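First the structure, in the form of structure tokens, and then the observations on it.
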Amino acid sequence: MAEELMKLTGRVQSVEGGRGIVGLNYEDLCIQPDVELPEGYKPLKFEMFDGIGDPKVHLRIYCDKLEGVGKDERICMKLFMRSVTGDALSWFNIENAPDVFYIQNLKKKPMETFREYATQWRSEAAKVRPTLEEE
């Protein structure tokens with residue numbers, strides 16, 4: 001009975017906190033899990049980048065916002081994730097990135113305009129790792 005209770009407790013804990021599930025603990029999910037933000041740090045409001053536009057402009061704006069954080073690159077990387085959204089955010093999730101074969105098999109849906117299809121294809125192609133340009 002005690003053994004069954006321990007198993008059940010372990011299952012509940014793994015569901016509640018992601019413990020026991022490979023890739024779902026803090027160290028796996030956080031870019032810089034060992035980095036502490038400075039005491040008294042107030043979260044900055046970053047202009048969000050969704051992958052549309054010039055990424056260099058976004059990086060310049062992002063770096064300008066980091067005044068007062070210091071020059072610790074690990075902190076800068078930890079905070080960077082707060083400045084991207086949409087497709088740009090998915091660029092950092094390479095474990096689930098589509099491959100070239102997935103992109104090759106994307107088909108235009110009957111009710112989809114060519115422009116919608118091309119936009120979707122381009123969005124998916126940008127997520128491929130290694131990128132299509134590197135091959």
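Please note that chains go A, B, ... in the order of the structure tokens, that every chain numbers its residues from 1, and that ligands are numbered from 1 in the order shown.
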Test item: residues at most 12 Å from Lys109 of chain A, only C-alpha atoms, excluding those fewer than 4 positions along its chain, as number ranges by chain: A: 113-118, 120-121
Would you mind exporting N, CA and C atoms of the selected residues as a compact mmCIF listing (two decimals), in the first residue's frame?
# COMPACT_ATOMS: atom_id res chain seq x y z
N THR A 113 -5.43 31.46 -50.23
CA THR A 113 -4.88 32.22 -51.37
C THR A 113 -3.41 31.89 -51.50
N PHE A 114 -2.86 32.18 -52.66
CA PHE A 114 -1.44 31.93 -52.84
C PHE A 114 -0.61 32.76 -51.86
N ARG A 115 -1.03 34.01 -51.64
CA ARG A 115 -0.32 34.89 -50.71
C ARG A 115 -0.32 34.29 -49.30
N GLU A 116 -1.46 33.75 -48.85
CA GLU A 116 -1.54 33.13 -47.52
C GLU A 116 -0.63 31.91 -47.45
N TYR A 117 -0.65 31.11 -48.51
CA TYR A 117 0.21 29.93 -48.56
C TYR A 117 1.68 30.32 -48.51
N ALA A 118 2.06 31.31 -49.32
CA ALA A 118 3.46 31.74 -49.37
C ALA A 118 3.91 32.30 -48.02
N GLN A 120 2.68 31.49 -45.04
CA GLN A 120 2.78 30.35 -44.13
C GLN A 120 4.04 29.54 -44.43
N TRP A 121 4.31 29.30 -45.71
CA TRP A 121 5.50 28.53 -46.09
C TRP A 121 6.77 29.23 -45.61
What lies within 12 Å of Cys63 of chain A using only C-alpha atoms, ignoring chain neighbours under 5 positions off, as a list in words? Leu44, Phe46, Glu47, Lys56, Val57, His58, Gly68, Val69, Gly70, Lys71, Glu73, Ile75, Cys76, Met77, Leu79, Phe80 and Ser83 of chain A
Dump of C-alpha atoms for the selected residues, as a short mmCIF file (atom, residue, chain, number, x, y, z; two decimals), in the first residue's frame:
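Okay, this is what ended up in out_36.cif:
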data_model
loop_
_atom_site.label_atom_id
_atom_site.label_comp_id
_atom_site.auth_asym_id
_atom_site.auth_seq_id
_atom_site.Cartn_x
_atom_site.Cartn_y
_atom_site.Cartn_z
CA LEU A 44 11.89 46.40 -18.37
CA PHE A 46 10.80 45.78 -24.29
CA GLU A 47 9.54 46.54 -27.77
CA LYS A 56 19.39 44.45 -36.28
CA VAL A 57 17.16 47.41 -35.48
CA HIS A 58 15.46 45.33 -32.80
CA GLY A 68 21.47 49.57 -15.55
CA VAL A 69 21.53 45.80 -16.03
CA GLY A 70 25.28 45.62 -16.48
CA LYS A 71 27.37 43.89 -19.09
CA GLU A 73 25.95 38.53 -21.23
CA ILE A 75 21.61 38.39 -17.98
CA CYS A 76 21.25 39.95 -21.42
CA MET A 77 20.40 36.53 -22.90
CA LEU A 79 16.12 39.06 -20.73
CA PHE A 80 16.22 38.76 -24.52
CA SER A 83 11.61 40.95 -26.26
#
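Separating atom CA of Asp54 of chain A from atom CA of Pro98 of chain A is a distance of 23.3 Å.
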Selected residue of minimal separation from Asp72 of chain A among A:Met111, A:Val35, A:Ala126, A:Ala2, counting only C-alpha atoms: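 Residue with the minimum atom-to-atom distance to Asp72 of chain A: A:Val35.
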Among the residues of segment 41-125 of chain A, find those DSSP assigns to alpha helix (DSSP H) from the backbone and print them as a PyMOL selection string. chain A and resi 55-65+73-80+86-90+100-104+114-125
Extract, using only C-alpha atoms, all DNA, RNA and protein residues at most 8 Å from Gly51 of chain A, discarding same-chain residues fewer than 5 positions from it, and format them as a VMD selection string. chain A and resid 84 to 88
All residues 8 Å or closer to Val100 of chain A, only C-alpha atoms, same chain fewer than 2 positions away omitted, as a list in words: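 The residues satisfying every condition are Pro98, Tyr102, Ile103, Gln104, Ala125, Val128 and Leu132 of chain A.
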Atomic distance atom CA of Gly40 of chain A - atom CA of Leu89 of chain A, expressed in Å with one decimal: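 Atom CA of Leu89 of chain A lies at a distance of 27.1 Å from atom CA of Gly40 of chain A.
What separates atom CA of Gln32 of chain A from atom CA of Arg74 of chain A is a distance of 6.5 Å.
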Measuring atom to atom with only C-alpha atoms, identify which of A:Lys78, A:Lys127, A:Arg122, A:Lys107 is nearest to Leu37 of chain A. A:Lys78
